[in-house]
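Peer 1: So here's final_13.txt, just compact mmCIF, C-alpha atoms and all ligand atoms:
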# COMPACT_ATOMS: atom_id res chain seq x y z
CA MET A 1 82.32 122.91 103.42
CA ALA A 2 78.83 121.39 103.65
CA LYS A 3 77.73 119.13 100.80
CA ARG A 4 75.18 120.66 98.38
CA PRO A 5 71.88 118.75 98.53
CA ILE A 6 70.72 116.72 95.54
CA ILE A 7 68.24 118.79 93.52
CA ALA A 8 65.42 116.82 91.90
CA ARG A 9 63.08 118.45 89.39
CA SER A 10 61.11 115.50 88.08
CA VAL A 11 59.34 112.60 89.80
CA PRO A 12 61.67 109.92 88.32
CA THR A 13 64.76 111.89 89.51
CA LEU A 14 63.18 112.28 92.94
CA ARG A 15 62.44 108.53 93.20
CA LYS A 16 65.99 107.69 92.11
CA ALA A 17 67.44 110.04 94.73
CA LEU A 18 65.24 108.65 97.51
CA ALA A 19 65.91 104.97 96.72
CA PRO A 20 69.31 104.69 98.50
CA PHE A 21 67.88 106.38 101.64
CA ARG A 22 65.08 103.82 101.72
CA LYS A 23 67.43 100.91 101.01
CA LYS A 24 69.48 101.91 104.06
CA GLY A 25 66.32 102.04 106.17
CA ASP A 26 66.76 105.76 106.88
CA ARG A 27 63.71 107.67 108.10
CA ILE A 28 62.76 110.57 105.86
CA ALA A 29 61.43 113.95 107.03
CA LEU A 30 59.78 116.36 104.60
CA VAL A 31 59.59 120.13 105.02
CA PRO A 32 57.17 121.47 102.38
CA THR A 33 57.86 125.09 101.40
CA MET A 34 57.24 127.59 98.64
CA GLY A 35 60.84 128.85 98.95
CA ALA A 36 61.80 132.41 99.97
CA LEU A 37 63.19 130.67 103.00
CA HIS A 38 63.60 132.41 106.34
CA GLN A 39 64.53 131.39 109.86
CA GLY A 40 61.05 129.88 110.36
CA HIS A 41 61.71 127.37 107.57
CA LEU A 42 65.21 126.68 108.87
CA THR A 43 63.73 125.92 112.29
CA LEU A 44 61.48 123.34 110.59
CA VAL A 45 64.61 121.83 109.01
CA LYS A 46 66.33 121.72 112.41
CA GLU A 47 63.31 119.93 113.90
CA ALA A 48 63.29 117.58 110.90
CA HIS A 49 66.90 116.54 111.61
CA LYS A 50 65.85 115.53 115.14
CA ARG A 51 63.18 113.20 113.77
CA ALA A 52 64.78 111.52 110.77
CA GLU A 53 68.12 110.53 109.28
CA ARG A 54 67.28 112.22 105.96
CA VAL A 55 65.73 115.61 105.38
CA VAL A 56 63.96 116.57 102.18
CA VAL A 57 62.79 120.15 101.57
CA SER A 58 60.32 120.81 98.78
CA ILE A 59 60.31 124.18 97.05
CA PHE A 60 57.29 124.76 94.86
CA VAL A 61 55.23 127.91 94.49
CA ASN A 62 51.93 126.11 94.10
CA PRO A 63 49.67 127.87 91.56
CA THR A 64 46.50 126.03 92.67
CA GLN A 65 46.46 127.72 96.09
CA PHE A 66 46.47 131.25 94.66
CA ALA A 67 43.38 133.00 93.27
CA PRO A 68 43.90 134.92 90.00
CA HIS A 69 43.98 138.27 91.86
CA GLU A 70 46.56 137.05 94.42
CA ASP A 71 50.36 137.26 94.46
CA PHE A 72 51.39 134.08 92.59
CA GLY A 73 53.29 136.11 89.98
CA SER A 74 55.09 138.34 92.47
CA TYR A 75 55.62 135.74 95.23
CA PRO A 76 59.34 135.99 96.12
CA ARG A 77 61.45 133.39 94.30
CA THR A 78 64.95 133.11 95.74
CA PHE A 79 66.01 129.62 94.65
CA ASP A 80 69.81 130.10 94.70
CA SER A 81 69.94 131.61 98.16
CA ASP A 82 67.41 129.01 99.36
CA VAL A 83 69.70 126.19 98.18
CA LYS A 84 72.66 127.90 99.86
CA ALA A 85 70.76 128.07 103.16
CA LEU A 86 69.65 124.44 102.80
CA THR A 87 73.25 123.38 102.10
CA GLU A 88 74.32 125.00 105.36
CA ALA A 89 71.36 123.35 107.10
CA LYS A 90 72.63 119.94 105.86
CA VAL A 91 69.52 119.07 103.89
CA ASP A 92 69.90 115.87 101.84
CA LEU A 93 67.52 116.56 98.99
CA VAL A 94 65.68 119.54 97.52
CA TRP A 95 62.50 118.56 95.68
CA ALA A 96 61.87 121.47 93.33
CA PRO A 97 59.45 120.17 90.71
CA THR A 98 58.67 122.18 87.62
CA ALA A 99 54.99 123.16 87.26
CA ALA A 100 54.73 120.56 84.47
CA ALA A 101 56.13 117.84 86.75
CA MET A 102 53.58 118.67 89.46
CA TYR A 103 50.60 119.37 87.22
CA PRO A 104 51.19 117.67 83.88
CA GLU A 105 48.97 118.37 80.88
CA GLY A 106 45.56 116.82 81.55
CA PHE A 107 45.85 116.92 85.36
CA ALA A 108 42.24 116.66 86.57
CA THR A 109 42.09 115.75 90.26
CA ARG A 110 41.61 118.01 93.25
CA ILE A 111 41.16 117.29 96.95
CA ALA A 112 38.13 119.01 98.52
CA PRO A 113 38.79 119.28 102.28
CA GLU A 114 35.96 119.95 104.70
CA GLY A 115 35.89 120.25 108.51
CA ALA A 116 38.58 122.70 109.64
CA ALA A 117 38.99 123.77 105.99
CA LEU A 118 35.49 125.30 106.14
CA ALA A 119 35.88 126.96 109.55
CA GLY A 120 35.14 130.44 108.19
CA LEU A 121 38.68 131.75 108.72
CA GLU A 122 41.19 131.71 105.82
CA ASP A 123 38.64 129.80 103.71
CA LYS A 124 36.22 132.72 103.94
CA PHE A 125 38.75 135.10 102.35
CA ARG A 126 40.67 132.59 100.19
CA PRO A 127 38.02 129.99 99.19
CA HIS A 128 40.35 128.24 96.72
CA PHE A 129 43.24 127.99 99.20
CA PHE A 130 42.81 124.73 101.10
CA GLY A 131 41.78 122.77 98.01
CA GLY A 132 45.06 123.86 96.42
CA VAL A 133 47.11 123.21 99.55
CA THR A 134 45.70 119.73 100.20
CA THR A 135 46.02 118.78 96.54
CA VAL A 136 49.70 119.72 96.42
CA VAL A 137 50.54 118.42 99.90
CA SER A 138 48.90 115.05 99.19
CA LYS A 139 51.00 114.87 96.04
CA LEU A 140 54.16 115.84 97.96
CA PHE A 141 53.38 113.11 100.51
CA THR A 142 52.89 110.44 97.85
CA GLN A 143 55.93 111.60 95.86
CA VAL A 144 58.35 111.71 98.81
CA MET A 145 56.59 109.20 101.11
CA PRO A 146 58.06 110.81 104.23
CA ASP A 147 57.81 109.27 107.69
CA VAL A 148 57.28 112.72 109.14
CA ALA A 149 56.34 116.12 107.68
CA LEU A 150 56.85 119.43 109.45
CA PHE A 151 54.65 122.50 109.12
CA GLY A 152 54.83 125.86 110.89
CA GLN A 153 52.09 126.68 113.40
CA LYS A 154 51.98 130.16 111.88
CA ASP A 155 49.62 128.76 109.24
CA TYR A 156 47.52 127.19 111.96
CA GLN A 157 44.40 126.39 109.95
CA GLN A 158 46.60 124.86 107.24
CA LEU A 159 48.29 122.67 109.88
CA ARG A 160 44.90 121.43 111.15
CA VAL A 161 43.62 120.79 107.61
CA VAL A 162 46.75 118.90 106.50
CA THR A 163 46.78 116.84 109.71
CA GLN A 164 43.15 115.82 109.10
CA MET A 165 43.81 115.10 105.42
CA ALA A 166 46.71 112.74 106.23
CA LYS A 167 44.47 110.94 108.75
CA ASP A 168 41.45 110.74 106.45
CA LEU A 169 43.47 109.45 103.49
CA ASP A 170 45.44 106.97 105.66
CA LEU A 171 48.68 108.52 104.52
CA PRO A 172 51.46 106.92 106.58
CA VAL A 173 53.06 110.19 107.64
CA LYS A 174 53.22 111.90 111.02
CA VAL A 175 52.35 115.59 110.64
CA VAL A 176 54.19 117.75 113.17
CA GLY A 177 53.42 121.41 113.91
CA VAL A 178 56.38 123.56 114.91
CA PRO A 179 55.94 126.78 116.97
CA THR A 180 56.08 130.08 115.11
CA VAL A 181 59.42 131.86 114.93
CA ARG A 182 59.13 135.59 115.65
CA GLU A 183 61.17 138.72 115.22
CA LYS A 184 62.32 140.40 118.46
CA ASP A 185 59.27 142.71 118.33
CA GLY A 186 56.88 139.74 118.03
CA LEU A 187 56.15 139.80 114.28
CA ALA A 188 55.71 136.24 113.03
CA LEU A 189 58.26 135.39 110.33
CA SER A 190 56.69 135.09 106.90
CA SER A 191 57.99 135.27 103.34
CA ARG A 192 55.33 137.94 102.74
CA ASN A 193 56.92 140.27 105.35
CA ALA A 194 59.27 141.21 102.50
CA TYR A 195 56.34 143.14 100.96
CA LEU A 196 56.05 145.54 103.94
CA SER A 197 57.24 149.13 103.56
CA LEU A 198 59.30 150.55 106.43
CA PRO A 199 56.33 152.31 108.12
CA GLU A 200 54.19 149.16 107.67
CA ARG A 201 56.96 147.03 109.18
CA THR A 202 56.83 149.24 112.30
CA LEU A 203 53.07 148.67 112.64
CA ALA A 204 53.09 144.95 111.77
CA PRO A 205 53.83 143.65 115.33
CA THR A 206 50.42 145.04 116.41
CA LEU A 207 48.90 141.68 115.45
CA ALA A 208 51.16 139.68 117.77
CA ARG A 209 50.77 142.23 120.55
CA VAL A 210 46.96 142.16 120.38
CA LEU A 211 46.93 138.35 120.24
CA LYS A 212 49.15 138.12 123.32
CA ALA A 213 47.17 140.67 125.33
CA SER A 214 43.84 139.08 124.32
CA ALA A 215 45.05 135.61 125.35
CA VAL A 216 46.03 136.93 128.80
CA ARG A 217 42.63 138.61 129.27
CA ILE A 218 40.66 135.56 128.11
CA LYS A 219 42.70 133.31 130.40
CA LYS A 220 41.80 135.64 133.29
CA GLY A 221 38.12 135.05 132.51
CA GLU A 222 37.14 138.25 130.66
CA PRO A 223 34.25 137.74 128.20
CA ILE A 224 35.72 136.38 124.96
CA GLU A 225 33.59 138.38 122.51
CA MET A 226 34.31 141.65 124.32
CA VAL A 227 38.07 141.00 124.31
CA LEU A 228 37.95 140.14 120.59
CA GLU A 229 35.86 143.19 119.74
CA GLU A 230 38.39 145.46 121.49
CA GLY A 231 41.25 143.62 119.80
CA ARG A 232 39.70 144.11 116.34
CA ALA A 233 39.26 147.83 117.11
CA GLU A 234 42.91 148.17 118.20
CA ILE A 235 44.15 146.46 115.04
CA ALA A 236 41.92 148.64 112.83
CA GLN A 237 43.06 151.72 114.75
CA ALA A 238 46.68 150.87 113.87
CA GLY A 239 45.75 151.06 110.19
CA PHE A 240 44.97 147.45 109.26
CA ALA A 241 41.88 146.23 107.43
CA VAL A 242 40.84 143.35 109.69
CA ASP A 243 39.62 140.14 108.03
CA TYR A 244 39.10 138.31 111.31
CA LEU A 245 40.19 138.03 114.92
CA GLU A 246 38.56 134.90 116.31
CA ALA A 247 38.70 132.49 119.23
CA ARG A 248 38.37 128.89 118.06
CA HIS A 249 38.67 125.38 119.44
CA ALA A 250 42.36 124.58 118.97
CA VAL A 251 41.68 121.24 117.25
CA SER A 252 38.35 121.49 115.41
CA LEU A 253 38.55 125.27 114.85
CA ALA A 254 34.84 125.44 115.74
CA PRO A 255 33.69 128.74 117.32
CA ILE A 256 34.12 128.78 121.07
CA ALA A 257 32.28 130.96 123.56
CA SER A 258 33.88 130.08 126.86
CA LEU A 259 37.19 128.96 128.34
CA LYS A 260 35.72 125.69 129.55
CA ASP A 261 34.75 124.60 126.01
CA GLY A 262 38.23 123.42 125.23
CA PRO A 263 41.73 124.53 124.35
CA ILE A 264 41.42 127.90 122.63
CA ARG A 265 43.44 129.25 119.73
CA LEU A 266 43.18 132.92 118.80
CA LEU A 267 43.60 133.53 115.08
CA VAL A 268 43.97 136.79 113.21
CA ALA A 269 44.25 137.93 109.60
CA ALA A 270 44.50 141.54 108.51
CA LYS A 271 45.74 143.59 105.61
CA LEU A 272 48.32 146.31 106.00
CA GLY A 273 48.42 148.21 102.71
CA LYS A 274 48.70 145.48 100.09
CA THR A 275 50.15 142.87 102.46
CA ARG A 276 47.90 140.33 104.14
CA LEU A 277 49.33 139.01 107.41
CA ILE A 278 48.12 136.12 109.56
CA ASP A 279 49.08 135.02 113.05
CA ASN A 280 47.73 132.94 115.93
CA ILE A 281 48.42 132.04 119.54
CA GLY A 282 47.25 129.48 122.11
CA VAL A 283 45.31 130.68 125.18
O1 LIG B 301 52.82 126.81 103.82
C1 LIG B 301 53.26 126.79 102.66
O2 LIG B 301 54.36 127.26 102.36
C2 LIG B 301 52.43 126.13 101.56
O3 LIG B 301 51.07 126.35 101.77
C3 LIG B 301 52.73 124.61 101.39
C4 LIG B 301 52.38 123.83 102.62
C5 LIG B 301 54.21 124.43 101.05
C6 LIG B 301 51.90 124.06 100.23
O4 LIG B 301 52.17 124.70 99.03
Using structure tokens, write down the structure that the file contains.

Peer 2:
Amino acid sequence: MAKRPIIARSVPTLRKALAPFRKKGDRIALVPTMGALHQGHLTLVKEAHKRAERVVVSIFVNPTQFAPHEDFGSYPRTFDSDVKALTEAKVDLVWAPTAAAMYPEGFATRIAPEGAALAGLEDKFRPHFFGGVTTVVSKLFTQVMPDVALFGQKDYQQLRVVTQMAKDLDLPVKVVGVPTVREKDGLALSSRNAYLSLPERTLAPTLARVLKASAVRIKKGEPIEMVLEEGRAEIAQAGFAVDYLEARHAVSLAPIASLKDGPIRLLVAAKLGKTRLIDNIGV
């Protein structure tokens, strides 16, 4: 039977658990999560094992990246089954801080990312989000001091923002983006898929299908704005409220008008009933 990972809930316990790994000279990989683990997270863990001798997974539903009207309270919390899955995935350490360990009384510092964090995508609809993400991820990086940290490409803007933050703050960690894991019908795995009703679940792959078809058309040279306009209409037609479907420079996330202006990433966000889904694809 696989050995249960160490579970640390306070910074001193975490440091104590990491010390023997460091003493041995083992490389440490961190997979930051908010729990409710699915195959996408377990793929990050698998990639982490390829890059380091020790794998740490953090589980923390971070209150600072949710607005008051968002789903912080109802976000799925499945700690016991998460630990079971992480045991099977041979994770060494689970860093599951309490809210008081992460944000003790009097906590008064917040990172304010710019650049890709102000690209007019997720930030336009969730203005608090990247400040909360970078604040918690910078803390996770300084708490764990990993050699490498793995993030899913599904949250593409987050990946760009965190990569830039690590660079700007000279944090000695390599940020690695791992391709999105999808259901057979194309739906990107997400903890929030659990919110979808059965009829919504049937419609949800529309996003991936439109992204894929739009990427093919843009690659063939069709006018980008026309392809996107038709894509938005198709998604709306399926019953979503579209927040955005955009073509952006894959690194800077700046708007892009033509294929020759750089590698293109198509990004989409749309609401199906109460569930907000995001996805993206390279062109
Ligand atoms: O992608 C997530 O699950 C979260 O935004 C992260 C990176 C764990 C920060 O809370």

Peer 1: Check the smallest atom-to-atom distance from each of A:Phe151, A:Phe107, A:Phe125, A:Tyr75 to ligand LIG 301 (chain B) using all atoms listed in the file, then report the winner.

Peer 2: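 Comparing A:Phe151, A:Phe107, A:Phe125, A:Tyr75 against ligand LIG 301 (chain B), the winner is A:Phe151.
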
Peer 1: Check which residues fall inside 8 Å of ligand LIG 301 (chain B) when counting all atoms listed in the file, and print them as a list in words.

Peer 2: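 Those within range of ligand LIG 301 (chain B) are Val31, Pro32, Thr33, Met34, Gly35, Ser58, Ile59, Phe60, Val61, Asn62, Gln65, Gly132, Val133, Thr134, Val136, Val137, Phe151, Gly152, Asp155 and Gln158 of chain A.
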
Peer 1: Between A:Leu266, A:Ala2, A:Ala108, A:Val176, single out the one closest to A:Gly282, counting all atoms listed in the file.

Peer 2: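 Of A:Leu266, A:Ala2, A:Ala108, A:Val176, the one nearest A:Gly282 is A:Leu266, counting all atoms listed in the file.
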
Peer 1: Interatomic distance between atom CA of A:Gly186 and atom CA of A:Lys174?

Peer 2: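 Separation of atom CA of A:Gly186 and atom CA of A:Lys174: 28.9 Å.
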
Peer 1: With distances taken over all atoms listed in the file, which residue among A:His249, A:Arg182, A:Arg110, A:Lys16 lies nearest A:Leu207?

Peer 2: A:Arg182

Peer 1: Suppose you want the space between atom CA of A:Leu245 and atom CA of A:Lys212; what is it in Å?

Peer 2: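 Straight-line distance from atom CA of A:Leu245 to atom CA of A:Lys212 works out to 12.3 Å.
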
Peer 1: Env of A:Ala17: 12 Å cut, atoms = all atoms listed in the file, seq-sep filter 2 positions within chain, self excluded. Answer as a PyMOL selection string.

Peer 2: chain A and resi 5-15+19-23+54+56+92-95+143-144

Peer 1: For atom CA of A:Phe141 and atom CA of A:Lys124, determine how far apart the two atoms are, in Å to one decimal place.

Peer 2: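 A separation of 26.3 Å between them.
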
Peer 1: So that I can check the surroundings of A:Val227, please list as an MDAnalysis selection string every protein, DNA and RNA residue that reaches within 12 Å of it, counting all atoms listed in the file and ignoring chain neighbours fewer than 2 positions away.

Peer 2: chainID A and resid 210:225 229:234 245:247 257:258 266

Peer 1: Quick one: what's the axis-aligned box for stretch 98-107 of chain A, all listed atoms, 3 Å on every side, centre and edges in Å to one decimal, as lines of an AutoDock Vina configuration file?

Peer 2:
center_x = 52.1
center_y = 120.0
center_z = 85.2
size_x = 19.1
size_y = 12.3
size_z = 14.6

Peer 1: Compute the distance from (57.4, 135.3, 98.8) to each atom, counting all atoms listed in the file, keep the residues with any atom at most 10 Å away, and return them as number ranges by chain; use the coordinates of the file.

Peer 2: A: 34-37, 61, 71-78, 190-195

Peer 1: Report the closest atom pair, with its distance in Å rounded to one decimal, for each residue of stretch 103-198 of chain A that has an atom no farther than 7 Å from stretch 39-45 of chain A; count all atoms listed in the file, sort by chain and then rising residue number, and write it as CSV.

Peer 2:
residue,atom,partner,partner_atom,distance
A:Leu150,CA,A:Leu44,CA,6.2
A:Val178,CA,A:Leu44,CA,6.7
A:Thr180,CA,A:Gly40,CA,6.9
A:Val181,CA,A:Gly40,CA,5.2
A:Leu189,CA,A:Gly40,CA,6.2

Peer 1: Closest to A:Asp82 among A:Arg4, A:His128, A:Lys154, A:His49, using only C-alpha atoms?

Peer 2: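 Between A:Arg4, A:His128, A:Lys154, A:His49, the residue approaching A:Asp82 most closely is A:Arg4.
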
Peer 1: Quick one: of A:Arg51, A:Lys46, A:His38, A:Lys260, who's nearest to A:Asp26, counting all atoms listed in the file?

Peer 2: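 Of A:Arg51, A:Lys46, A:His38, A:Lys260, the one nearest A:Asp26, counting all atoms listed in the file, is A:Arg51.
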
Peer 1: Could you name the residues that touch A:Thr142 at 10 Å or less, counting all atoms listed in the file, but leaving out those on the same chain fewer than 4 positions away, as a short mmCIF file (atom, residue, chain, number, x, y, z; two decimals) with C-alpha atoms, in the coordinates of the input?

Peer 2:
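Written file, around-v1.cif:
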data_model
loop_
_atom_site.label_atom_id
_atom_site.label_comp_id
_atom_site.auth_asym_id
_atom_site.auth_seq_id
_atom_site.Cartn_x
_atom_site.Cartn_y
_atom_site.Cartn_z
CA VAL A 136 49.70 119.72 96.42
CA VAL A 137 50.54 118.42 99.90
CA SER A 138 48.90 115.05 99.19
CA PRO A 146 58.06 110.81 104.23
CA LEU A 171 48.68 108.52 104.52
CA PRO A 172 51.46 106.92 106.58
CA VAL A 173 53.06 110.19 107.64
#

Peer 1: The residues within 7 Å of (39.9, 139.5, 106.9), using only C-alpha atoms and the coordinates of the file, should be reported as a list in words; which are they?

Peer 2: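 Here is the list of nearby residues: Phe125, Val242, Asp243, Tyr244, Ala269 and Ala270 of chain A.
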
Peer 1: Rank A:Val148, A:Ile111, A:Ala85, A:Leu228 by their smallest atom-to-atom distance to A:Arg27, using only C-alpha atoms, and report the top residue only.

Peer 2: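 Result for the nearest residue to A:Arg27: A:Val148.
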